[in-house]
$ cat upload.cif   # mmCIF, C-alpha atoms
data_my_file
loop_
_atom_site.label_atom_id
_atom_site.label_comp_id
_atom_site.auth_asym_id
_atom_site.auth_seq_id
_atom_site.Cartn_x
_atom_site.Cartn_y
_atom_site.Cartn_z
CA MET A 1 29.50 -94.63 100.45
CA HIS A 2 26.25 -96.60 100.47
CA GLU A 3 27.72 -99.42 102.57
CA LEU A 4 25.59 -98.49 105.57
CA GLY A 5 22.45 -98.87 103.48
CA VAL A 6 23.69 -102.26 102.27
CA VAL A 7 24.33 -103.32 105.88
CA PHE A 8 20.76 -102.39 106.85
CA TYR A 9 19.43 -104.49 103.95
CA ILE A 10 21.54 -107.48 105.03
CA ILE A 11 20.42 -107.20 108.64
CA LYS A 12 16.77 -106.97 107.60
CA ASP A 13 17.05 -110.12 105.45
CA VAL A 14 19.04 -112.07 108.05
CA LYS A 15 16.60 -111.22 110.85
CA LYS A 16 13.70 -112.34 108.68
CA VAL A 17 15.33 -115.71 107.93
CA ALA A 18 16.35 -116.16 111.58
CA GLU A 19 12.81 -115.47 112.79
CA GLN A 20 11.33 -117.87 110.22
CA ASN A 21 13.68 -120.58 111.51
CA GLY A 22 13.13 -119.84 115.21
CA VAL A 23 16.76 -118.85 115.66
CA GLN A 24 17.81 -116.93 118.81
CA HIS A 25 21.22 -115.72 117.71
CA VAL A 26 23.17 -115.48 114.45
CA SER A 27 26.94 -115.85 114.85
CA LYS A 28 28.12 -115.44 111.27
CA VAL A 29 26.83 -114.10 107.95
CA ILE A 30 28.57 -115.24 104.77
CA LEU A 31 28.30 -112.71 101.97
CA ASP A 32 29.27 -113.23 98.33
CA LEU A 33 30.64 -109.91 97.16
CA GLY A 34 31.47 -109.26 93.51
CA GLU A 35 34.64 -107.42 92.64
CA VAL A 36 32.75 -104.74 90.67
CA SER A 37 29.67 -104.53 92.91
CA MET A 38 30.74 -101.00 93.98
CA VAL A 39 30.56 -102.10 97.62
CA VAL A 40 33.84 -101.53 99.47
CA PRO A 41 34.61 -104.50 101.77
CA TYR A 42 36.44 -102.65 104.56
CA GLN A 43 33.76 -99.95 104.73
CA LEU A 44 31.11 -102.65 104.80
CA GLN A 45 32.93 -104.27 107.75
CA ASP A 46 33.11 -100.93 109.63
CA CYS A 47 29.39 -100.28 109.15
CA TRP A 48 28.63 -103.90 110.04
CA LYS A 49 30.52 -103.74 113.35
CA TRP A 50 28.62 -100.63 114.35
CA ALA A 51 25.20 -101.81 113.18
CA VAL A 52 25.16 -105.34 114.66
CA GLN A 53 25.72 -104.04 118.16
CA ARG A 54 22.31 -102.41 117.94
CA GLU A 55 20.67 -105.81 117.29
CA GLU A 56 20.44 -108.32 120.11
CA MET A 57 20.00 -111.21 117.68
CA LEU A 58 23.22 -110.24 115.88
CA SER A 59 25.50 -109.19 118.76
CA ASN A 60 29.17 -109.83 117.81
CA CYS A 61 28.01 -111.48 114.59
CA ILE A 62 30.89 -111.88 112.12
CA LEU A 63 30.54 -110.75 108.52
CA ASP A 64 32.51 -113.16 106.36
CA ILE A 65 33.00 -111.67 102.91
CA HIS A 66 33.71 -114.08 100.04
CA PRO A 67 35.05 -112.09 97.09
CA ILE A 68 33.88 -113.05 93.59
CA PRO A 69 36.26 -112.10 90.77
CA ALA A 70 34.61 -110.16 87.94
CA VAL A 71 34.48 -111.87 84.53
CA THR A 72 33.38 -110.35 81.22
CA PHE A 73 32.25 -112.28 78.14
CA CYS A 74 32.97 -111.12 74.61
CA GLU A 75 30.12 -111.55 72.11
CA SER A 76 32.49 -111.22 69.16
CA CYS A 77 35.07 -113.91 69.94
CA HIS A 78 33.12 -115.83 72.61
CA GLN A 79 35.94 -115.74 75.15
CA GLU A 80 35.98 -114.62 78.77
CA TYR A 81 38.46 -112.29 80.43
CA ALA A 82 39.16 -110.55 83.77
CA THR A 83 36.98 -107.41 83.92
CA VAL A 84 39.13 -105.40 86.34
CA THR A 85 42.31 -105.87 84.28
CA TYR A 86 40.89 -105.15 80.82
CA GLY A 87 37.63 -103.24 81.34
CA LYS A 88 35.06 -102.95 78.56
CA ILE A 89 37.33 -103.80 75.58
CA CYS A 90 38.08 -107.48 74.91
CA PRO A 91 41.84 -108.20 75.17
CA HIS A 92 41.52 -111.14 72.76
CA CYS A 93 39.94 -109.41 69.77
CA GLY A 94 39.50 -105.70 70.64
CA SER A 95 35.70 -105.75 70.49
CA ALA A 96 33.56 -103.54 72.74
CA ASP A 97 30.58 -105.88 72.37
CA THR A 98 31.06 -107.37 75.83
CA TYR A 99 29.00 -107.94 78.94
CA LEU A 100 29.63 -108.76 82.59
CA VAL A 101 29.09 -112.42 83.44
CA ARG A 102 29.73 -112.22 87.16
CA GLY A 103 31.26 -109.90 89.71
CA ASN A 104 28.25 -107.71 90.46
CA GLU A 105 26.88 -109.87 93.30
CA VAL A 106 25.93 -108.64 96.75
CA GLU A 107 24.40 -111.86 97.92
CA ILE A 108 23.82 -113.42 101.32
CA HIS A 109 25.21 -116.92 100.85
CA SER A 110 24.32 -118.40 104.24
CA ILE A 111 24.21 -117.75 107.96
CA GLU A 112 25.60 -119.66 110.92
CA VAL A 113 23.33 -119.78 113.94
CA ASP A 114 23.78 -120.86 117.57
CA MET B 1 26.14 -124.68 115.26
CA LYS B 2 23.83 -124.82 112.30
CA VAL B 3 24.13 -123.31 108.81
CA ILE B 4 21.14 -121.88 106.95
CA GLU B 5 21.56 -121.40 103.20
CA ILE B 6 20.04 -118.17 101.89
CA LYS B 7 21.60 -117.37 98.49
CA LYS B 8 19.66 -114.20 97.97
CA SER B 9 20.72 -110.85 96.57
CA VAL B 10 20.78 -108.11 99.17
CA PHE B 11 18.95 -105.88 96.69
CA ALA B 12 16.20 -108.42 95.94
CA ASP B 13 13.71 -106.88 98.39
CA ASN B 14 14.28 -103.41 97.01
CA ASP B 15 13.96 -104.65 93.43
CA GLN B 16 10.69 -106.31 94.36
CA ASP B 17 9.39 -103.15 96.11
CA ALA B 18 10.42 -101.12 93.07
CA ASN B 19 8.61 -103.40 90.62
CA LEU B 20 5.50 -103.34 92.76
CA LEU B 21 5.59 -99.55 92.94
CA ARG B 22 5.97 -99.32 89.14
CA GLN B 23 2.92 -101.55 88.65
CA GLU B 24 0.85 -99.40 91.01
CA LEU B 25 1.98 -96.24 89.24
CA LYS B 26 1.00 -97.77 85.90
CA GLN B 27 -2.50 -98.47 87.22
CA ARG B 28 -2.80 -94.95 88.59
CA GLY B 29 -1.42 -93.47 85.37
CA VAL B 30 1.44 -91.70 87.16
CA PHE B 31 4.81 -91.44 85.41
CA LEU B 32 7.73 -91.35 87.86
CA LEU B 33 11.03 -89.87 86.70
CA ASN B 34 14.15 -90.41 88.78
CA LEU B 35 16.53 -87.50 88.18
CA MET B 36 20.12 -87.89 89.28
CA SER B 37 23.39 -85.97 89.01
CA SER B 38 26.39 -84.66 90.91
CA PRO B 39 25.71 -81.85 93.41
CA GLY B 40 25.66 -78.51 91.60
CA SER B 41 24.96 -79.77 88.07
CA GLY B 42 21.78 -77.70 87.89
CA LYS B 43 19.03 -80.23 88.65
CA THR B 44 16.72 -77.78 90.37
CA THR B 45 17.23 -74.97 87.81
CA THR B 46 16.65 -77.40 84.94
CA LEU B 47 13.51 -78.74 86.61
CA ILE B 48 12.09 -75.27 87.07
CA GLN B 49 12.57 -74.51 83.36
CA VAL B 50 11.10 -77.83 82.22
CA ILE B 51 8.14 -77.69 84.62
CA ASN B 52 7.25 -74.16 83.53
CA ARG B 53 7.10 -75.38 79.91
CA LEU B 54 4.94 -78.42 80.77
CA LYS B 55 2.67 -77.40 83.65
CA SER B 56 -0.15 -76.17 81.40
CA GLN B 57 -0.28 -79.54 79.60
CA ILE B 58 0.20 -82.10 82.39
CA ARG B 59 -0.11 -82.13 86.16
CA ILE B 60 3.30 -82.31 87.82
CA ALA B 61 4.55 -82.84 91.37
CA VAL B 62 8.12 -82.93 92.65
CA MET B 63 9.89 -84.82 95.43
CA GLU B 64 13.20 -83.31 96.48
CA ALA B 65 15.57 -85.65 98.25
CA ASP B 66 18.47 -84.28 100.23
CA ILE B 67 20.42 -85.15 103.32
CA ASP B 68 19.01 -82.03 105.01
CA SER B 69 17.19 -78.67 104.48
CA ASP B 70 14.18 -77.84 102.32
CA VAL B 71 15.67 -75.11 100.12
CA ASP B 72 15.08 -77.04 96.89
CA ALA B 73 11.44 -77.90 97.60
CA VAL B 74 10.70 -74.27 98.48
CA LYS B 75 12.53 -73.04 95.37
CA ILE B 76 10.56 -75.35 93.08
CA ARG B 77 7.24 -74.38 94.67
CA GLU B 78 7.96 -70.64 94.45
CA ALA B 79 9.30 -70.74 90.89
CA THR B 80 6.69 -73.04 89.33
CA GLY B 81 3.67 -73.21 91.63
CA VAL B 82 3.56 -77.02 91.43
CA GLU B 83 3.31 -79.22 94.48
CA SER B 84 6.67 -80.17 95.96
CA VAL B 85 7.72 -82.11 99.03
CA GLN B 86 11.10 -82.42 100.65
CA LEU B 87 12.37 -85.87 101.59
CA HIS B 88 15.20 -86.21 104.07
CA THR B 89 17.33 -89.29 103.71
CA GLY B 90 18.70 -88.97 107.24
CA GLY B 91 22.31 -89.10 106.12
CA MET B 92 21.82 -91.82 103.52
CA CYS B 93 23.39 -91.18 100.15
CA HIS B 94 20.49 -92.40 98.00
CA LEU B 95 16.78 -93.17 97.91
CA ASP B 96 15.35 -96.65 97.66
CA ALA B 97 11.89 -97.80 96.58
CA GLU B 98 10.43 -97.68 100.10
CA MET B 99 11.55 -94.09 100.67
CA THR B 100 10.18 -93.14 97.25
CA ARG B 101 6.83 -94.70 98.14
CA GLN B 102 6.71 -92.68 101.36
CA GLY B 103 7.40 -89.56 99.33
CA LEU B 104 4.62 -90.35 96.85
CA ASP B 105 2.24 -90.87 99.79
CA HIS B 106 2.83 -87.24 100.74
CA LEU B 107 1.74 -86.01 97.34
CA SER B 108 -1.86 -85.58 96.24
CA LYS B 109 -3.26 -89.01 95.61
CA GLU B 110 -5.17 -88.17 92.48
CA GLY B 111 -4.52 -86.21 89.39
CA ILE B 112 -0.76 -86.34 88.97
CA ASP B 113 0.53 -87.25 85.51
CA LEU B 114 4.21 -86.75 86.20
CA ALA B 115 6.00 -87.16 89.53
CA ILE B 116 9.65 -86.16 89.49
CA LEU B 117 12.05 -87.48 92.08
CA GLU B 118 15.13 -85.31 92.44
CA ASN B 119 17.54 -87.83 93.93
CA VAL B 120 20.46 -87.00 96.24
CA GLY B 121 23.34 -85.36 94.36
CA ASN B 122 25.72 -88.27 93.87
CA LEU B 123 26.84 -90.29 90.84
CA VAL B 124 27.53 -93.54 92.68
CA CYS B 125 24.91 -94.76 95.13
CA PRO B 126 21.61 -93.64 93.55
CA ALA B 127 22.50 -95.76 90.51
CA GLU B 128 22.56 -98.90 92.65
CA PHE B 129 19.02 -98.69 93.97
CA ASP B 130 15.92 -99.00 91.83
CA THR B 131 13.48 -96.35 93.07
CA GLY B 132 10.49 -97.71 91.18
CA SER B 133 10.81 -95.00 88.55
CA VAL B 134 9.57 -95.52 85.01
CA LYS B 135 12.62 -93.80 83.52
CA ASN B 136 15.97 -92.63 84.84
CA ALA B 137 17.54 -89.36 83.78
CA MET B 138 20.79 -87.72 84.77
CA ILE B 139 22.35 -84.34 84.29
CA LEU B 140 26.03 -83.96 83.53
CA SER B 141 27.25 -80.37 83.51
CA VAL B 142 30.03 -79.05 81.30
CA PRO B 143 32.41 -78.04 84.16
CA GLU B 144 32.40 -81.66 85.41
CA GLY B 145 34.17 -82.83 82.24
CA HIS B 146 33.32 -85.10 79.33
CA ASP B 147 35.01 -88.14 80.87
CA LYS B 148 32.44 -88.71 83.64
CA PRO B 149 30.80 -91.66 81.81
CA LEU B 150 34.16 -93.44 82.00
CA LYS B 151 34.49 -92.79 85.74
CA TYR B 152 30.93 -93.59 86.81
CA PRO B 153 29.90 -96.38 84.43
CA LEU B 154 26.80 -97.65 86.24
CA MET B 155 25.10 -94.23 86.40
CA PHE B 156 25.36 -93.86 82.62
CA THR B 157 24.40 -97.47 81.98
CA ILE B 158 21.05 -97.15 83.76
CA CYS B 159 19.99 -93.71 82.45
CA ASP B 160 17.51 -93.42 79.58
CA LEU B 161 18.14 -89.69 79.24
CA VAL B 162 21.46 -87.90 79.71
CA ILE B 163 21.12 -84.11 79.83
CA ILE B 164 24.33 -82.16 79.30
CA ASN B 165 23.80 -78.85 81.09
CA LYS B 166 25.60 -75.49 81.15
CA THR B 167 26.43 -75.46 77.45
CA ASP B 168 26.60 -71.67 77.78
CA VAL B 169 30.02 -72.03 79.46
CA LEU B 170 31.43 -74.41 76.80
CA PRO B 171 33.91 -71.77 75.51
CA TYR B 172 35.60 -71.67 78.92
CA PHE B 173 36.10 -75.41 79.43
CA ASP B 174 37.95 -78.19 77.60
CA PHE B 175 34.73 -80.14 77.27
CA ASP B 176 34.56 -82.31 74.16
CA MET B 177 30.88 -82.84 73.28
CA ASN B 178 31.60 -85.53 70.67
CA LYS B 179 33.77 -87.53 73.07
CA CYS B 180 31.12 -87.17 75.75
CA ARG B 181 28.46 -88.57 73.40
CA GLU B 182 30.79 -91.42 72.45
CA TYR B 183 31.46 -92.29 76.11
CA VAL B 184 27.77 -92.15 77.08
CA LEU B 185 26.77 -94.39 74.16
CA MET B 186 29.57 -96.80 75.02
CA ARG B 187 27.86 -97.30 78.38
CA ASN B 188 24.33 -97.28 77.02
CA PRO B 189 23.76 -97.36 73.25
CA LYS B 190 20.05 -96.56 73.77
CA ALA B 191 20.55 -93.38 75.80
CA THR B 192 19.04 -90.13 74.56
CA ILE B 193 21.54 -87.27 74.91
CA LEU B 194 20.27 -83.69 75.06
CA PRO B 195 22.60 -80.69 75.50
CA ILE B 196 20.96 -77.74 77.27
CA SER B 197 21.60 -74.54 79.12
CA ALA B 198 19.17 -74.19 82.00
CA LYS B 199 20.39 -70.60 82.36
CA THR B 200 19.64 -69.43 78.81
CA GLY B 201 16.84 -71.90 78.15
CA GLU B 202 18.58 -73.45 75.13
CA GLY B 203 17.54 -77.07 74.59
CA ILE B 204 14.87 -77.06 77.33
CA ASP B 205 12.09 -77.57 74.77
CA ALA B 206 13.68 -80.86 73.69
CA VAL B 207 13.82 -82.12 77.28
CA ALA B 208 10.20 -81.08 77.85
CA GLN B 209 9.15 -82.87 74.64
CA TRP B 210 11.04 -86.05 75.61
CA LEU B 211 9.25 -86.08 78.96
CA LEU B 212 5.87 -85.35 77.45
CA ASP B 213 6.28 -88.21 74.95
CA GLU B 214 7.34 -90.62 77.70
CA VAL B 215 4.44 -89.63 79.96
CA ARG B 216 1.97 -90.16 77.10
CA LYS B 217 3.46 -93.54 76.23
CA TRP B 218 3.15 -94.62 79.88
CA LYS B 219 -0.48 -93.56 80.11
CA LEU B 220 -1.58 -95.45 76.98
#
$ encode --input "upload.cif" --output "structure tokens"
Amino acid sequence: MHELGVVFYIIKDVKKVAEQNGVQHVSKVILDLGEVSMVVPYQLQDCWKWAVQREEMLSNCILDIHPIPAVTFCESCHQEYATVTYGKICPHCGSADTYLVRGNEVEIHSIEVD
Amino acid sequence: MKVIEIKKSVFADNDQDANLLRQELKQRGVFLLNLMSSPGSGKTTTLIQVINRLKSQIRIAVMEADIDSDVDAVKIREATGVESVQLHTGGMCHLDAEMTRQGLDHLSKEGIDLAILENVGNLVCPAEFDTGSVKNAMILSVPEGHDKPLKYPLMFTICDLVIINKTDVLPYFDFDMNKCREYVLMRNPKATILPISAKTGEGIDAVAQWLLDEVRKWKL
């Protein structure tokens, strides 16, 4: 639902980096996207395709999404597990004293420029 | 072709803007509350009740954010007499720190103790974007069900205050208050939970007191 807002943030950041580096055109943006970041990849792609056509510097620029699996750490038994499969409760020991280690990222990894 | 490494969170700029805004608010002695909820949970009605209890003690202003219309800003102004401005998000589902700053710029520069931002009615997106607020509050209403904290984890994780509204209709719904408390605390063990009825006024004093305490702490 907020994918369009995320796209505008990405474009703003990418344009800034491109300008700092004297780049004329960006052909690809590589985005690290966590599994539980609450950003939906296909909606992000739809918004991206619409938004980049309004930017000369980003015309036909590809958004390459690299998914990052979500991992939770258990404070009680010190083991990790897959967040999406098991949620908040540790499958190893049943504790709820757990926190997300990764999987929340919405991070611009790099850009490819002409 | 050349590759430029960036490795930067897309939200980093907003987080930075938000932190800057918070620092400025601290210097000016303005407490900013970000109030969130689903559409129709009773945000505006609750605000009117709370503001009317507090307006003789502290100076309050309200920013109403919606996709369109100014019905809420007008309602607040007419029912409480405090300053209120309407912010239009232009179709966006949330407010970010920059939009919040623009809203604050429309309010009187001096003499506000408490600025309340009524965010867009939505339990997903507003939770993602730091507005620069000092505290986050959300309203969950009884007809929505006690399992909302399970369905929208982030919203409940980031809220300091969870108001459970419309307790006057509890007899008509299968809403389990104890389960609701359990689920909220599972997401955020530090959350304050206050059941109210904005219609009857029950529990409003507790919300007003919570706010008053927080505003005073911020202005120390």
$ resolve_selection --input "upload.cif" --expression "the PyMOL selection byres ((chain A and resi 85-98) around 7)" --output "PyMOL selection string"
chain A and resi 72-77+82-84+99
$ residues_around --input "upload.cif" --residues "Phe156 (chain B)" --least-positions-apart "6" --cutoff "7 Å" --atoms "all atoms listed in the file" --output "VMD selection string"
chain B and resid 149 184 187 to 188
$ interface_residues --input "upload.cif" --of "chain B" --to "chain A" --cutoff "8 Å" --atoms "all atoms listed in the file" --output "CSV table (one decimal) with C-alpha atoms, in the frame of the given file"
chain,number,residue,atom,x,y,z
B,1,MET,CA,26.1,-124.7,115.3
B,2,LYS,CA,23.8,-124.8,112.3
B,3,VAL,CA,24.1,-123.3,108.8
B,4,ILE,CA,21.1,-121.9,107.0
B,5,GLU,CA,21.6,-121.4,103.2
B,6,ILE,CA,20.0,-118.2,101.9
B,7,LYS,CA,21.6,-117.4,98.5
B,8,LYS,CA,19.7,-114.2,98.0
B,9,SER,CA,20.7,-110.8,96.6
B,10,VAL,CA,20.8,-108.1,99.2
B,11,PHE,CA,19.0,-105.9,96.7
B,92,MET,CA,21.8,-91.8,103.5
B,93,CYS,CA,23.4,-91.2,100.2
B,94,HIS,CA,20.5,-92.4,98.0
B,125,CYS,CA,24.9,-94.8,95.1
$ closest_residue --input "upload.cif" --among "B:Gln23, B:Thr46, B:Thr200, B:Ser133" --to "Ile163 (chain B)" --atoms "only C-alpha atoms"
B:Thr46
$ residues_around --input "upload.cif" --residues "Ile196 (chain B)" --least-positions-apart "6" --cutoff "6 Å" --atoms "all atoms listed in the file" --output "list in words"
Ile164, Asn165, Thr167, Glu202 and Gly203 of chain B
$ residues_around --input "upload.cif" --residues "Phe31 (chain B)" --least-positions-apart "4" --cutoff "10 Å" --atoms "all atoms listed in the file" --output "PDB file with C-alpha atoms, in the coordinates of the input"
ATOM      1  CA  ARG B  22       5.970 -99.320  89.140  1.00  0.00           C
ATOM      2  CA  LEU B  25       1.980 -96.240  89.240  1.00  0.00           C
ATOM      3  CA  LYS B  26       1.000 -97.770  85.900  1.00  0.00           C
ATOM      4  CA  ILE B  60       3.300 -82.310  87.820  1.00  0.00           C
ATOM      5  CA  ILE B 112      -0.760 -86.340  88.970  1.00  0.00           C
ATOM      6  CA  ASP B 113       0.530 -87.250  85.510  1.00  0.00           C
ATOM      7  CA  LEU B 114       4.210 -86.750  86.200  1.00  0.00           C
ATOM      8  CA  ALA B 115       6.000 -87.160  89.530  1.00  0.00           C
ATOM      9  CA  ILE B 116       9.650 -86.160  89.490  1.00  0.00           C
ATOM     10  CA  SER B 133      10.810 -95.000  88.550  1.00  0.00           C
ATOM     11  CA  VAL B 134       9.570 -95.520  85.010  1.00  0.00           C
ATOM     12  CA  LYS B 135      12.620 -93.800  83.520  1.00  0.00           C
ATOM     13  CA  LEU B 211       9.250 -86.080  78.960  1.00  0.00           C
ATOM     14  CA  GLU B 214       7.340 -90.620  77.700  1.00  0.00           C
ATOM     15  CA  VAL B 215       4.440 -89.630  79.960  1.00  0.00           C
ATOM     16  CA  ARG B 216       1.970 -90.160  77.100  1.00  0.00           C
ATOM     17  CA  LYS B 217       3.460 -93.540  76.230  1.00  0.00           C
ATOM     18  CA  TRP B 218       3.150 -94.620  79.880  1.00  0.00           C
ATOM     19  CA  LYS B 219      -0.480 -93.560  80.110  1.00  0.00           C
TER      20      LYS B 219
END
$ resolve_selection --input "upload.cif" --expression "the PyMOL selection byres ((chain B and resi 72) around 10)" --output "list of chain:residue names"
B:Lys43, B:Thr44, B:Thr45, B:Met63, B:Glu64, B:Ala65, B:Asp66, B:Ser69, B:Asp70, B:Val71, B:Ala73, B:Val74, B:Lys75, B:Ile76, B:Arg77, B:Glu78, B:Ser84, B:Val85, B:Gln86, B:Glu118
$ residues_around --input "upload.cif" --residues "Phe173 (chain B)" --least-positions-apart "2" --cutoff "12 Å" --atoms "all atoms listed in the file" --output "VMD selection string"
chain B and resid 141 to 146 166 to 171 175 to 177
$ atom_distance --input "upload.cif" --atom1 "CA of Ser108 (chain B)" --atom2 "CA of Arg28 (chain B)"
12.1 Å
$ atom_distance --input "upload.cif" --atom1 "CA of Pro126 (chain B)" --atom2 "CA of Thr80 (chain B)"
25.8 Å
$ atom_distance --input "upload.cif" --atom1 "CA of Leu117 (chain B)" --atom2 "CA of Gly103 (chain B)"
8.9 Å
$ residues_around --input "upload.cif" --residues "Ile67 (chain B)" --least-positions-apart "3" --cutoff "6 Å" --atoms "all atoms listed in the file" --output "MDAnalysis selection string"
chainID B and resid 88:91
$ resolve_selection --input "upload.cif" --expression "the PyMOL selection byres ((chain B and resi 100) around 10)" --output "ChimeraX atom specification"
/B:18,21,32,34,63,65,87,95-99,101-105,117,119,130-133
$ decode --input "upload.cif" --residues "region 7-30 of chain A" --atoms "N, CA and C atoms" --output "mmCIF file, in the first residue's frame"
data_model
loop_
_atom_site.group_PDB
_atom_site.id
_atom_site.type_symbol
_atom_site.label_atom_id
_atom_site.label_comp_id
_atom_site.auth_asym_id
_atom_site.auth_seq_id
_atom_site.Cartn_x
_atom_site.Cartn_y
_atom_site.Cartn_z
ATOM 1 N N VAL A 7 8.981 3.877 -3.448
ATOM 2 C CA VAL A 7 9.591 4.133 -4.765
ATOM 3 C C VAL A 7 10.108 5.574 -4.846
ATOM 4 N N PHE A 8 9.321 6.518 -4.347
ATOM 5 C CA PHE A 8 9.772 7.922 -4.388
ATOM 6 C C PHE A 8 11.045 8.119 -3.558
ATOM 7 N N TYR A 9 11.112 7.440 -2.410
ATOM 8 C CA TYR A 9 12.324 7.521 -1.578
ATOM 9 C C TYR A 9 13.527 6.957 -2.333
ATOM 10 N N ILE A 10 13.332 5.807 -2.990
ATOM 11 C CA ILE A 10 14.449 5.180 -3.711
ATOM 12 C C ILE A 10 14.938 6.122 -4.815
ATOM 13 N N ILE A 11 13.989 6.659 -5.569
ATOM 14 C CA ILE A 11 14.353 7.533 -6.693
ATOM 15 C C ILE A 11 15.125 8.760 -6.196
ATOM 16 N N LYS A 12 14.661 9.321 -5.083
ATOM 17 C CA LYS A 12 15.331 10.499 -4.521
ATOM 18 C C LYS A 12 16.792 10.174 -4.169
ATOM 19 N N ASP A 13 16.979 9.039 -3.483
ATOM 20 C CA ASP A 13 18.335 8.621 -3.082
ATOM 21 C C ASP A 13 19.218 8.330 -4.289
ATOM 22 N N VAL A 14 18.654 7.606 -5.268
ATOM 23 C CA VAL A 14 19.437 7.209 -6.445
ATOM 24 C C VAL A 14 19.855 8.449 -7.240
ATOM 25 N N LYS A 15 18.923 9.386 -7.407
ATOM 26 C CA LYS A 15 19.249 10.610 -8.162
ATOM 27 C C LYS A 15 20.367 11.391 -7.472
ATOM 28 N N LYS A 16 20.308 11.418 -6.136
ATOM 29 C CA LYS A 16 21.321 12.141 -5.373
ATOM 30 C C LYS A 16 22.712 11.529 -5.611
ATOM 31 N N VAL A 17 22.774 10.191 -5.503
ATOM 32 C CA VAL A 17 24.055 9.494 -5.705
ATOM 33 C C VAL A 17 24.543 9.678 -7.141
ATOM 34 N N ALA A 18 23.619 9.591 -8.102
ATOM 35 C CA ALA A 18 23.985 9.729 -9.509
ATOM 36 C C ALA A 18 24.567 11.120 -9.768
ATOM 37 N N GLU A 19 23.896 12.142 -9.218
ATOM 38 C CA GLU A 19 24.373 13.514 -9.418
ATOM 39 C C GLU A 19 25.756 13.724 -8.796
ATOM 40 N N GLN A 20 25.933 13.155 -7.583
ATOM 41 C CA GLN A 20 27.235 13.278 -6.906
ATOM 42 C C GLN A 20 28.358 12.649 -7.726
ATOM 43 N N ASN A 21 28.010 11.613 -8.498
ATOM 44 C CA ASN A 21 29.016 10.877 -9.274
ATOM 45 C C ASN A 21 29.054 11.307 -10.745
ATOM 46 N N GLY A 22 28.322 12.357 -11.079
ATOM 47 C CA GLY A 22 28.301 12.860 -12.445
ATOM 48 C C GLY A 22 27.749 11.875 -13.462
ATOM 49 N N VAL A 23 26.783 11.079 -13.009
ATOM 50 C CA VAL A 23 26.209 10.043 -13.877
ATOM 51 C C VAL A 23 25.040 10.617 -14.696
ATOM 52 N N GLN A 24 24.976 10.254 -15.978
ATOM 53 C CA GLN A 24 23.910 10.734 -16.860
ATOM 54 C C GLN A 24 22.662 9.860 -16.772
ATOM 55 N N HIS A 25 22.899 8.551 -16.714
ATOM 56 C CA HIS A 25 21.752 7.636 -16.736
ATOM 57 C C HIS A 25 21.999 6.401 -15.881
ATOM 58 N N VAL A 26 20.987 6.012 -15.109
ATOM 59 C CA VAL A 26 21.074 4.814 -14.262
ATOM 60 C C VAL A 26 20.280 3.702 -14.943
ATOM 61 N N SER A 27 20.923 2.547 -15.170
ATOM 62 C CA SER A 27 20.234 1.478 -15.897
ATOM 63 C C SER A 27 19.638 0.422 -14.975
ATOM 64 N N LYS A 28 20.194 0.287 -13.779
ATOM 65 C CA LYS A 28 19.651 -0.720 -12.856
ATOM 66 C C LYS A 28 19.846 -0.298 -11.410
ATOM 67 N N VAL A 29 18.833 -0.588 -10.588
ATOM 68 C CA VAL A 29 18.946 -0.359 -9.142
ATOM 69 C C VAL A 29 18.769 -1.709 -8.454
ATOM 70 N N ILE A 30 19.730 -2.079 -7.626
ATOM 71 C CA ILE A 30 19.633 -3.342 -6.892
ATOM 72 C C ILE A 30 19.189 -3.047 -5.469
#
